[in-house]
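So this block is model-v7.cif, mmCIF, C-alpha atoms:
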```cif
data_start
loop_
_atom_site.group_PDB
_atom_site.id
_atom_site.type_symbol
_atom_site.label_atom_id
_atom_site.label_comp_id
_atom_site.auth_asym_id
_atom_site.auth_seq_id
_atom_site.Cartn_x
_atom_site.Cartn_y
_atom_site.Cartn_z
ATOM 1 C CA MET A 223 12.909 -0.087 -8.535
ATOM 2 C CA ASN A 224 16.538 -0.197 -9.609
ATOM 3 C CA GLN A 225 16.143 -3.158 -11.920
ATOM 4 C CA ASP A 226 17.600 -3.005 -15.425
ATOM 5 C CA THR A 227 14.662 -3.168 -17.815
ATOM 6 C CA ARG A 228 16.618 -2.948 -21.051
ATOM 7 C CA GLY A 229 15.091 -4.581 -24.075
ATOM 8 C CA VAL A 230 16.706 -6.506 -26.908
ATOM 9 C CA GLN A 231 18.494 -3.447 -28.262
ATOM 10 C CA GLY A 232 19.757 -2.318 -24.845
ATOM 11 C CA THR A 233 17.330 0.568 -24.517
ATOM 12 C CA THR A 234 14.230 1.256 -22.483
ATOM 13 C CA THR A 235 11.343 3.299 -23.815
ATOM 14 C CA LEU A 236 8.658 4.485 -21.425
ATOM 15 C CA ARG A 237 5.587 6.653 -22.032
ATOM 16 C CA GLY A 238 6.600 7.642 -25.538
ATOM 17 C CA ARG A 239 9.885 9.136 -24.417
ATOM 18 C CA GLU A 240 13.198 8.748 -26.163
ATOM 19 C CA PRO A 241 15.032 5.473 -25.495
ATOM 20 C CA VAL A 242 17.126 5.398 -22.337
ATOM 21 C CA GLY A 243 20.509 3.668 -22.252
ATOM 22 C CA SER A 244 23.130 2.960 -24.843
ATOM 23 C CA PRO A 245 22.278 0.777 -27.815
ATOM 24 C CA GLU A 246 23.901 -2.640 -27.853
ATOM 25 C CA PRO A 247 24.031 -5.078 -30.742
ATOM 26 C CA ALA A 248 21.253 -7.664 -30.668
ATOM 27 C CA SER A 249 23.816 -10.474 -30.509
ATOM 28 C CA ASN A 250 24.904 -9.262 -27.034
ATOM 29 C CA SER A 251 21.419 -9.589 -25.565
ATOM 30 C CA ASN A 252 20.556 -12.326 -23.112
ATOM 31 C CA SER A 253 18.732 -15.015 -25.117
ATOM 32 C CA ASN A 254 17.037 -16.373 -21.968
ATOM 33 C CA SER A 255 15.036 -13.211 -21.258
ATOM 34 C CA PRO A 256 11.956 -12.376 -23.364
ATOM 35 C CA PRO A 257 12.177 -9.280 -25.563
ATOM 36 C CA ALA A 258 10.520 -6.353 -23.794
ATOM 37 C CA ASN A 259 9.607 -4.370 -26.903
ATOM 38 C CA PRO A 260 6.756 -6.592 -28.236
ATOM 39 C CA ILE A 261 5.135 -6.618 -24.794
ATOM 40 C CA ALA A 262 5.545 -2.883 -24.395
ATOM 41 C CA ALA A 263 4.276 -2.234 -27.929
ATOM 42 C CA GLU A 264 1.038 -4.159 -27.272
ATOM 43 C CA LEU A 265 0.584 -2.451 -23.926
ATOM 44 C CA PHE A 266 1.129 0.989 -25.457
ATOM 45 C CA ARG A 267 -1.414 0.169 -28.176
ATOM 46 C CA SER A 268 -3.937 -0.773 -25.494
ATOM 47 C CA LEU A 269 -3.254 2.403 -23.547
ATOM 48 C CA ALA A 270 -3.613 4.484 -26.706
ATOM 49 C CA GLU A 271 -6.984 2.852 -27.372
ATOM 50 C CA VAL A 272 -8.156 3.612 -23.827
ATOM 51 C CA LYS A 273 -7.060 7.229 -24.215
ATOM 52 C CA GLY A 274 -8.809 7.505 -27.581
ATOM 53 C CA GLN A 275 -12.051 6.105 -26.195
ATOM 54 C CA ALA A 276 -11.840 8.409 -23.172
ATOM 55 C CA GLN A 277 -11.327 11.417 -25.450
ATOM 56 C CA PHE A 278 -14.370 10.378 -27.475
ATOM 57 C CA LEU A 279 -16.420 10.158 -24.268
ATOM 58 C CA LEU A 280 -15.339 13.689 -23.368
ATOM 59 C CA TYR A 281 -16.323 14.858 -26.841
ATOM 60 C CA LEU A 282 -19.757 13.245 -26.491
ATOM 61 C CA ALA A 283 -20.268 14.838 -23.068
ATOM 62 C CA ASP A 284 -19.384 18.251 -24.526
ATOM 63 C CA GLN A 285 -21.816 17.721 -27.406
ATOM 64 C CA ILE A 286 -24.585 16.740 -24.991
ATOM 65 C CA GLU A 287 -23.960 19.876 -22.907
ATOM 66 C CA ASP A 288 -24.033 22.092 -26.001
ATOM 67 C CA SER A 289 -27.195 20.445 -27.316
ATOM 68 C CA LEU A 290 -28.929 20.776 -23.929
ATOM 69 C CA GLU A 291 -28.091 24.487 -23.849
ATOM 70 C CA GLN A 292 -29.444 24.910 -27.393
ATOM 71 C CA LEU A 293 -32.582 22.991 -26.470
ATOM 72 C CA ALA A 294 -33.192 25.192 -23.415
ATOM 73 C CA ASN A 295 -33.015 28.305 -25.612
ATOM 74 C CA GLU A 296 -34.821 26.891 -28.671
ATOM 75 C CA SER A 297 -38.117 28.479 -29.665
ATOM 76 C CA ASP A 298 -38.659 26.508 -32.902
ATOM 77 C CA SER A 299 -40.416 23.236 -32.093
ATOM 78 C CA CYS A 300 -39.057 21.511 -35.215
ATOM 79 C CA HIS A 301 -35.489 22.328 -34.262
ATOM 80 C CA GLY A 302 -36.267 21.313 -30.670
ATOM 81 C CA THR A 303 -37.464 17.917 -31.921
ATOM 82 C CA PHE A 304 -34.282 17.567 -33.953
ATOM 83 C CA LEU A 305 -32.158 18.418 -30.901
ATOM 84 C CA CYS A 306 -34.026 15.787 -28.864
ATOM 85 C CA LYS A 307 -33.206 13.165 -31.499
ATOM 86 C CA VAL A 308 -29.561 14.259 -31.510
ATOM 87 C CA LEU A 309 -29.464 14.096 -27.710
ATOM 88 C CA GLY A 310 -30.905 10.579 -27.815
ATOM 89 C CA MET A 311 -28.223 9.543 -30.306
ATOM 90 C CA TYR A 312 -25.452 11.114 -28.215
ATOM 91 C CA SER A 313 -26.799 9.500 -25.065
ATOM 92 C CA SER A 314 -26.908 6.080 -26.716
ATOM 93 C CA GLN A 315 -23.332 6.469 -27.985
ATOM 94 C CA LEU A 316 -22.181 7.623 -24.560
ATOM 95 C CA GLU A 317 -23.693 4.559 -22.908
ATOM 96 C CA THR A 318 -22.250 2.158 -25.492
ATOM 97 C CA LYS A 319 -18.764 3.676 -25.450
ATOM 98 C CA HIS A 320 -18.783 3.845 -21.660
ATOM 99 C CA GLN A 321 -19.357 0.090 -21.426
ATOM 100 C CA GLY A 322 -16.661 -0.594 -24.037
ATOM 101 C CA LEU A 323 -14.207 1.633 -22.223
ATOM 102 C CA GLY A 324 -14.719 -0.210 -18.952
ATOM 103 C CA ASP A 325 -13.946 -3.514 -20.654
ATOM 104 C CA LYS A 326 -10.863 -2.079 -22.364
ATOM 105 C CA ILE A 327 -9.609 -0.575 -19.093
ATOM 106 C CA ALA A 328 -9.971 -3.960 -17.390
ATOM 107 C CA GLU A 329 -8.038 -5.648 -20.234
ATOM 108 C CA THR A 330 -5.312 -3.025 -20.137
ATOM 109 C CA CYS A 331 -4.943 -3.260 -16.362
ATOM 110 C CA GLN A 332 -4.486 -7.015 -16.732
ATOM 111 C CA GLU A 333 -1.805 -6.436 -19.391
ATOM 112 C CA VAL A 334 -0.041 -3.989 -17.070
ATOM 113 C CA TYR A 335 -0.150 -6.560 -14.259
ATOM 114 C CA VAL A 336 1.287 -9.290 -16.523
ATOM 115 C CA THR A 337 3.996 -6.971 -17.834
ATOM 116 C CA VAL A 338 5.027 -5.929 -14.329
ATOM 117 C CA ARG A 339 5.136 -9.561 -13.223
ATOM 118 C CA GLU A 340 7.368 -10.426 -16.192
ATOM 119 C CA TYR A 341 9.769 -7.595 -15.376
ATOM 120 C CA ASP A 342 9.829 -8.617 -11.716
ATOM 121 C CA THR A 343 10.978 -12.100 -12.672
ATOM 122 C CA LEU A 344 13.944 -10.792 -14.698
#
```
File written out as structure tokens:
Amino acid sequence: MNQDTRGVQGTTTLRGREPVGSPEPASNSNSNSPPANPIAAELFRSLAEVKGQAQFLLYLADQIEDSLEQLANESDSCHGTFLCKVLGMYSSQLETKHQGLGDKIAETCQEVYVTVREYDTL
């Protein structure tokens, strides 16, 4: 894709990297094309949210593994009961966050599709 994807300021920012291209005054930008930065900013916020939720899911999975190992080696029935309650809580959170992540991924994929379509029409 050799298309120029410069935004209003004459730069392109991708994946949190430094801007690419030489800055141009805003008055030199093409007023017919939509500014790329607001679209990219919303998309990057969505991607950051997906990454945050995915990291939380990994954390929950690690906590479940640790709690299961503790439960397997636990000789105190009171502490075992506590670990079972904790595991139930973790499991519930994992299920809830998993469903939310799927919805957010679907939303983000749609935003990516729309953004790509907008750049293709430039």
Contacts of Gly324 in chain A at 12 Å (all atoms listed in the file; same-chain gap of 3+ positions) as an NGL selection string: :A and (271-273 or 275-276 or 279 or 317-321 or 327-331)
Nearby residues (all atoms listed in the file) at most 12 Å from Asp288 in chain A, same-chain spacing under 5 positions excluded, as a list in words: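 Everything that qualifies: Tyr281, Leu282, Ala283, Leu293, Ala294, Asn295, Leu305, Val308, Leu309 and Tyr312 of chain A.
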Nearest residue to Gln277 in chain A from the set A:Val334, A:Ala263, A:Leu323, A:Cys300 (distances using only C-alpha atoms):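 Nearest candidate to Gln277 in chain A out of A:Val334, A:Ala263, A:Leu323, A:Cys300: A:Leu323.
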CA of Gly310 in chain A to CA of Leu280 in chain A, straight-line distance in Å: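 Atom-to-atom, CA of Leu280 in chain A to CA of Gly310 in chain A, that is 16.5 Å.
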Atom-to-atom span, CA of His301 in chain A and CA of Ser314 in chain A, Å: 19.9 Å
Distance criterion (all atoms listed in the file): nearest to Glu340 in chain A out of A:Ser313, A:Ala262, A:Ala270, A:Ser299: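 Checking each candidate against Glu340 in chain A, we get A:Ala262 as the closest.
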Coordinates-based distance that separates CA of Leu316 in chain A from CA of Gly302 in chain A (Å, one decimal): 20.6 Å
Counting all atoms listed in the file, the residue of A:Leu290, A:Gln332, A:Gly322, A:Lys307 that sits nearest Phe278 in chain A: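 Closest residue, counting all atoms listed in the file: A:Gly322.
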Could you add N, CA and C atoms to range 295-331 of chain A and give me the result as a compact mmCIF listing (two decimals), in the coordinates of the input?
```txt
# COMPACT_ATOMS: atom_id res chain seq x y z
N ASN A 295 -32.79 26.98 -25.02
CA ASN A 295 -33.02 28.30 -25.61
C ASN A 295 -33.76 28.24 -26.94
N GLU A 296 -34.20 27.07 -27.35
CA GLU A 296 -34.82 26.89 -28.67
C GLU A 296 -36.30 27.26 -28.64
N SER A 297 -36.70 28.10 -29.58
CA SER A 297 -38.12 28.48 -29.66
C SER A 297 -38.82 27.76 -30.81
N ASP A 298 -38.08 27.24 -31.77
CA ASP A 298 -38.66 26.51 -32.90
C ASP A 298 -38.87 25.05 -32.51
N SER A 299 -40.12 24.60 -32.54
CA SER A 299 -40.42 23.24 -32.09
C SER A 299 -39.80 22.18 -33.01
N CYS A 300 -39.69 22.47 -34.29
CA CYS A 300 -39.06 21.51 -35.22
C CYS A 300 -37.58 21.33 -34.88
N HIS A 301 -36.90 22.42 -34.62
CA HIS A 301 -35.49 22.33 -34.26
C HIS A 301 -35.34 21.68 -32.89
N GLY A 302 -36.28 21.95 -31.99
CA GLY A 302 -36.27 21.31 -30.67
C GLY A 302 -36.41 19.80 -30.79
N THR A 303 -37.29 19.36 -31.68
CA THR A 303 -37.46 17.92 -31.92
C THR A 303 -36.19 17.32 -32.47
N PHE A 304 -35.56 18.04 -33.40
CA PHE A 304 -34.28 17.57 -33.95
C PHE A 304 -33.23 17.45 -32.85
N LEU A 305 -33.13 18.45 -32.00
CA LEU A 305 -32.16 18.42 -30.90
C LEU A 305 -32.42 17.25 -29.95
N CYS A 306 -33.69 16.93 -29.72
CA CYS A 306 -34.03 15.79 -28.86
C CYS A 306 -33.55 14.48 -29.49
N LYS A 307 -33.69 14.36 -30.80
CA LYS A 307 -33.21 13.16 -31.50
C LYS A 307 -31.68 13.09 -31.42
N VAL A 308 -31.02 14.21 -31.60
CA VAL A 308 -29.56 14.26 -31.51
C VAL A 308 -29.11 13.88 -30.10
N LEU A 309 -29.80 14.42 -29.10
CA LEU A 309 -29.46 14.10 -27.71
C LEU A 309 -29.66 12.60 -27.42
N GLY A 310 -30.69 12.02 -27.97
CA GLY A 310 -30.90 10.58 -27.82
C GLY A 310 -29.77 9.78 -28.44
N MET A 311 -29.33 10.21 -29.63
CA MET A 311 -28.22 9.54 -30.31
C MET A 311 -26.93 9.68 -29.49
N TYR A 312 -26.65 10.89 -29.03
CA TYR A 312 -25.45 11.11 -28.22
C TYR A 312 -25.49 10.28 -26.94
N SER A 313 -26.65 10.24 -26.31
CA SER A 313 -26.80 9.50 -25.06
C SER A 313 -26.56 8.01 -25.29
N SER A 314 -27.10 7.49 -26.38
CA SER A 314 -26.91 6.08 -26.72
C SER A 314 -25.43 5.78 -26.96
N GLN A 315 -24.77 6.64 -27.72
CA GLN A 315 -23.33 6.47 -27.98
C GLN A 315 -22.52 6.54 -26.70
N LEU A 316 -22.89 7.47 -25.83
CA LEU A 316 -22.18 7.62 -24.56
C LEU A 316 -22.30 6.35 -23.73
N GLU A 317 -23.49 5.78 -23.68
CA GLU A 317 -23.69 4.56 -22.91
C GLU A 317 -22.90 3.40 -23.51
N THR A 318 -22.96 3.25 -24.82
CA THR A 318 -22.25 2.16 -25.49
C THR A 318 -20.75 2.28 -25.32
N LYS A 319 -20.21 3.47 -25.56
CA LYS A 319 -18.76 3.68 -25.45
C LYS A 319 -18.29 3.55 -24.01
N HIS A 320 -19.14 3.96 -23.08
CA HIS A 320 -18.78 3.84 -21.66
C HIS A 320 -18.58 2.38 -21.29
N GLN A 321 -19.49 1.52 -21.72
CA GLN A 321 -19.36 0.09 -21.43
C GLN A 321 -18.11 -0.49 -22.08
N GLY A 322 -17.85 -0.11 -23.33
CA GLY A 322 -16.66 -0.59 -24.04
C GLY A 322 -15.38 -0.12 -23.38
N LEU A 323 -15.40 1.10 -22.88
CA LEU A 323 -14.21 1.63 -22.22
C LEU A 323 -13.91 0.88 -20.94
N GLY A 324 -14.93 0.56 -20.18
CA GLY A 324 -14.72 -0.21 -18.95
C GLY A 324 -14.07 -1.55 -19.23
N ASP A 325 -14.54 -2.23 -20.28
CA ASP A 325 -13.95 -3.51 -20.65
C ASP A 325 -12.50 -3.35 -21.09
N LYS A 326 -12.23 -2.30 -21.87
CA LYS A 326 -10.86 -2.08 -22.36
C LYS A 326 -9.93 -1.70 -21.22
N ILE A 327 -10.42 -0.93 -20.26
CA ILE A 327 -9.61 -0.57 -19.09
C ILE A 327 -9.26 -1.84 -18.30
N ALA A 328 -10.23 -2.72 -18.12
CA ALA A 328 -9.97 -3.96 -17.39
C ALA A 328 -8.92 -4.80 -18.11
N GLU A 329 -9.03 -4.90 -19.45
CA GLU A 329 -8.04 -5.65 -20.23
C GLU A 329 -6.65 -5.03 -20.10
N THR A 330 -6.59 -3.72 -20.20
CA THR A 330 -5.31 -3.02 -20.14
C THR A 330 -4.68 -3.17 -18.77
N CYS A 331 -5.48 -3.07 -17.72
CA CYS A 331 -4.94 -3.26 -16.36
C CYS A 331 -4.36 -4.66 -16.21
```
